[in-house]
Amino acid sequence: MERMAETTEKTIFMKNIALLLVSIWLGLAFYALLSQISNWLTSHHFEMSFFSHLEFFTIRVWLPWVVLTPVALKLATQFPVMPKNWLKALLLHAFFLLSLSIIAGLLISFHYHFFEDMAPGMETYQPWQHIGHFLFGDNLFLFNTIIYTILVTYMNIKHFAQIAQQKALIASQLNHQLIESQLQTLKMQINPHFLFNTLNVISVLVMKSEKDKATDMINLLSSFFRNSLDEKDQQWIPLQKELQHVEQYLAIEQVRFGDKISIVKNYDNAAMSIPVPSMLLQPLIENAMQHGLEQIEGKGQLSITCAIENEYLFIIISDDGAGCDLNDNNFKQGIGLSNVKSRLQQLYGTQHQFKINSNEFGGITVSLKLAINIEEEKQ
């Protein structure tokens with residue numbers, strides 16, 4: 001199947017090149033016709049010589065480029081004009097244009113010298129000495145420039161079209177992965193352990209006749225799941241909205257644990273509007289709670305810090321819970337952390353850092369460094 005697809009693509013490409021060369025020849029014929037009409041309108045006793053002009057353009061302009069087209073296409077493919085290297089690429093193509101024009105000029109000069117009737121006095125010239133007359137006296141260099149530019153432009157348009165298709169495919173794959181990741185995260189959020197503990201707290205509050213607290217707990221749980229579902233199709237959301245979702249989860253946990261867990265929030269107001277991947281922080285906070293703070297007997301603290309520095313957004317999540325030995329060969333990252341790392345790699349590439357470190361006095365610190373100006377993916 002892949003070979004068939006490659007063969008079909010190659011056939012289409014060859015047909016397009018053939019059509020492009022035919023279009024160039026028609027353009028030259030149209031130019032020759034317009035030139036003849038212009039001379040007829042402005043000169044007395046002018047005799048039309050359209051076919052001789054067409055023969056001139058066909059033999060001395062078009063045919064050399066039929067031979068040189070594969071070379072020009074190869075150069076255009078090897079040295080595409082990109083935003084990051086446009087000046088270098090243009091200078092290279094100017095050099096290639098001059099080189100190919102000299103080659104074309106030599107072909108024309110040798111053909112003229114050995115196979116055509118030369119003008120009086122031209123017999124004393126060497127074959128290669130006619131090149132200046134043809135390239136600049138007959139303006140063949142100008143036509144070479146136009147044809148070479150057309151060929152290079154065609155290949156660059158094809159190149160950019162392929163890049164656009166690849167980005168569209170990557171975007172589609174990212175969206176698919178995002179939905180799967182969010183569904184998996186949602187499954188983790190509503191696993192029996194989480195629901196059991198939350199519903200058990202609600203049951204205890206009802207038994208104690210603390211109906212107001214029980215109602216608040218139910219509302220928090222309902223709002224938490226509603227927001228999770230509302231954001232399932234959004235790739236990017238403001239940091240403030242992501243933190244609000246996390247705080248709903250933490251509010252439920254604080255009802256469960258009371259004074260055992262304290263939450264410290266250090267938010268830079270300037271960072272609140274920065275877009276971040278939705279459902280990014282929830283798995284990190286959940287890990288800190290379930291595998292860190294829930295495992296200790298005494299009181300614990302979870303801190304969340306968000307700040308901007310040097311065009312980067314820094315998010316630090318730290319707890320003083322049970323922690324773990326990150327150097328242990330048996331240590332394995334869960335689905336939540338794996339999803340976070342995978343999404344960050346695909347969305348930010350090299351413009352991010354993800355670090356997990358053990359704290360000196362227990363617990364884990366997760367540090368995120370995210371570039372603010374990820375414009376293409378955020379559009």
# chains A, B, ... in the order shown; residues from 1 in each chain; ligands from 1
$ select_by_dssp --residues "segment 26-275 of chain A" --states "helix (DSSP H, G or I)" --output "ChimeraX atom specification"
/A:26-42,50-78,86-115,122-124,127-137,140-189,192-207,211-230,239-260,269-271
$ residues_around --residues "Leu54 of chain A" --least-positions-apart "5" --cutoff "10 Å" --atoms "only C-alpha atoms" --output "compact mmCIF listing (two decimals) with N, CA and C atoms, in the first residue's frame"
# COMPACT_ATOMS: atom_id res chain seq x y z
N TRP A 25 5.69 27.41 -21.40
CA TRP A 25 5.79 27.58 -22.86
C TRP A 25 4.64 28.43 -23.39
N LEU A 26 3.43 28.21 -22.89
CA LEU A 26 2.29 29.03 -23.32
C LEU A 26 2.49 30.49 -22.91
N LEU A 28 5.40 32.00 -22.64
CA LEU A 28 6.37 32.56 -23.58
C LEU A 28 5.72 32.85 -24.93
N ALA A 29 4.83 31.95 -25.37
CA ALA A 29 4.12 32.17 -26.64
C ALA A 29 3.23 33.42 -26.55
N PHE A 30 2.57 33.57 -25.41
CA PHE A 30 1.71 34.74 -25.22
C PHE A 30 2.55 36.02 -25.21
N TYR A 31 3.73 35.95 -24.57
CA TYR A 31 4.63 37.12 -24.55
C TYR A 31 5.08 37.46 -25.97
N ALA A 32 5.44 36.42 -26.76
CA ALA A 32 5.87 36.66 -28.14
C ALA A 32 4.76 37.31 -28.96
N LEU A 33 3.52 36.85 -28.74
CA LEU A 33 2.39 37.42 -29.45
C LEU A 33 2.17 38.87 -29.06
N SER A 49 6.17 38.43 -37.46
CA SER A 49 7.05 37.26 -37.50
C SER A 49 6.87 36.46 -36.21
N ILE A 59 13.39 27.41 -28.52
CA ILE A 59 14.69 26.77 -28.60
C ILE A 59 15.68 27.36 -27.61
N ARG A 60 15.65 28.66 -27.44
CA ARG A 60 16.70 29.31 -26.65
C ARG A 60 16.30 29.63 -25.21
$ residues_around --residues "segment 269-275 of chain A" --least-positions-apart "4" --cutoff "8 Å" --atoms "only C-alpha atoms" --output "mmCIF file with N, CA and C atoms, in the first residue's frame"
data_model
loop_
_atom_site.group_PDB
_atom_site.id
_atom_site.type_symbol
_atom_site.label_atom_id
_atom_site.label_comp_id
_atom_site.auth_asym_id
_atom_site.auth_seq_id
_atom_site.Cartn_x
_atom_site.Cartn_y
_atom_site.Cartn_z
ATOM 1 N N TRP A 236 -6.372 24.325 25.537
ATOM 2 C CA TRP A 236 -5.744 25.343 26.382
ATOM 3 C C TRP A 236 -6.807 26.096 27.164
ATOM 4 N N ILE A 237 -6.518 26.373 28.427
ATOM 5 C CA ILE A 237 -7.393 27.198 29.253
ATOM 6 C C ILE A 237 -6.509 28.136 30.077
ATOM 7 N N PRO A 238 -7.056 29.265 30.544
ATOM 8 C CA PRO A 238 -6.253 30.158 31.390
ATOM 9 C C PRO A 238 -5.804 29.453 32.666
ATOM 10 N N LEU A 239 -4.637 29.800 33.143
ATOM 11 C CA LEU A 239 -4.109 29.193 34.372
ATOM 12 C C LEU A 239 -5.085 29.367 35.527
ATOM 13 N N GLN A 240 -5.734 30.511 35.577
ATOM 14 C CA GLN A 240 -6.676 30.754 36.668
ATOM 15 C C GLN A 240 -7.791 29.710 36.701
ATOM 16 N N CYS A 306 2.914 29.759 41.520
ATOM 17 C CA CYS A 306 2.852 30.092 40.098
ATOM 18 C C CYS A 306 3.464 31.476 39.902
ATOM 19 N N ALA A 307 4.437 31.589 39.013
ATOM 20 C CA ALA A 307 5.103 32.867 38.806
ATOM 21 C C ALA A 307 5.630 32.965 37.381
ATOM 22 N N ILE A 308 5.888 34.198 36.940
ATOM 23 C CA ILE A 308 6.450 34.460 35.617
ATOM 24 C C ILE A 308 7.867 34.987 35.786
ATOM 25 N N LEU A 313 6.638 30.538 32.398
ATOM 26 C CA LEU A 313 5.722 30.331 33.513
ATOM 27 C C LEU A 313 6.282 29.204 34.379
ATOM 28 N N ILE A 372 5.974 30.840 27.538
ATOM 29 C CA ILE A 372 4.697 31.576 27.453
ATOM 30 C C ILE A 372 4.282 31.753 26.005
ATOM 31 N N LYS A 378 -1.404 27.339 20.294
ATOM 32 C CA LYS A 378 -2.486 27.965 21.034
ATOM 33 C C LYS A 378 -3.530 28.570 20.127
#
$ residues_around --residues "segment 153-155 of chain A" --least-positions-apart "3" --cutoff "8 Å" --atoms "only C-alpha atoms" --output "count of residues only"
7
$ residues_around --residues "Asn219 of chain A" --least-positions-apart "3" --cutoff "12 Å" --atoms "only C-alpha atoms" --output "PyMOL selection string"
chain A and resi 198+202+212-216+222-226+248-249+251-252
$ write_last_selection --atoms "C-alpha atoms" --output "mmCIF file, in the first residue's frame"
data_model
loop_
_atom_site.group_PDB
_atom_site.id
_atom_site.type_symbol
_atom_site.label_atom_id
_atom_site.label_comp_id
_atom_site.auth_asym_id
_atom_site.auth_seq_id
_atom_site.Cartn_x
_atom_site.Cartn_y
_atom_site.Cartn_z
ATOM 1 C CA THR A 198 -15.800 11.442 49.599
ATOM 2 C CA ILE A 202 -20.778 13.087 53.308
ATOM 3 C CA ASP A 212 -25.053 22.333 55.659
ATOM 4 C CA LYS A 213 -21.548 20.880 55.445
ATOM 5 C CA ALA A 214 -22.889 17.769 53.725
ATOM 6 C CA THR A 215 -24.691 19.943 51.175
ATOM 7 C CA ASP A 216 -21.524 21.953 50.569
ATOM 8 C CA SER A 222 -20.867 18.004 41.613
ATOM 9 C CA SER A 223 -19.080 21.183 40.519
ATOM 10 C CA PHE A 224 -15.759 19.351 40.331
ATOM 11 C CA PHE A 225 -17.061 16.709 37.929
ATOM 12 C CA ARG A 226 -19.051 19.233 35.912
ATOM 13 C CA GLN A 248 -12.318 22.348 44.036
ATOM 14 C CA TYR A 249 -10.566 19.019 44.416
ATOM 15 C CA ALA A 251 -11.619 21.745 49.019
ATOM 16 C CA ILE A 252 -13.112 18.243 49.035
#
$ atom_distance --atom1 "atom CA of Asn16 of chain A" --atom2 "atom CA of Thr69 of chain A"
12.6 Å
$ closest_residue --among "A:Lys265, A:Lys369, A:His93, A:Lys260" --to "Glu247 of chain A" --atoms "only C-alpha atoms"
A:Lys265
$ closest_residue --among "A:Val66, A:Leu293, A:Ala171, A:Val152" --to "Ala18 of chain A" --atoms "only C-alpha atoms"
A:Val66
$ closest_residue --among "A:Val67, A:His133, A:Asn156, A:Glu286" --to "Phe79 of chain A" --atoms "only C-alpha atoms"
A:Asn156
$ residues_around --residues "segment 296-300 of chain A" --least-positions-apart "4" --cutoff "10 Å" --atoms "only C-alpha atoms" --output "count of residues only"
16
$ closest_residue --among "A:Ser338, A:Gln78, A:Asn266, A:Ser203" --to "Phe314 of chain A" --atoms "only C-alpha atoms"
A:Asn266
$ atom_distance --atom1 "atom CA of Ala89 of chain A" --atom2 "atom CA of Ala164 of chain A"
20.3 Å
$ closest_residue --among "A:Ile315, A:Leu75, A:Val366, A:Ile17" --to "Ala94 of chain A" --atoms "only C-alpha atoms"
A:Leu75
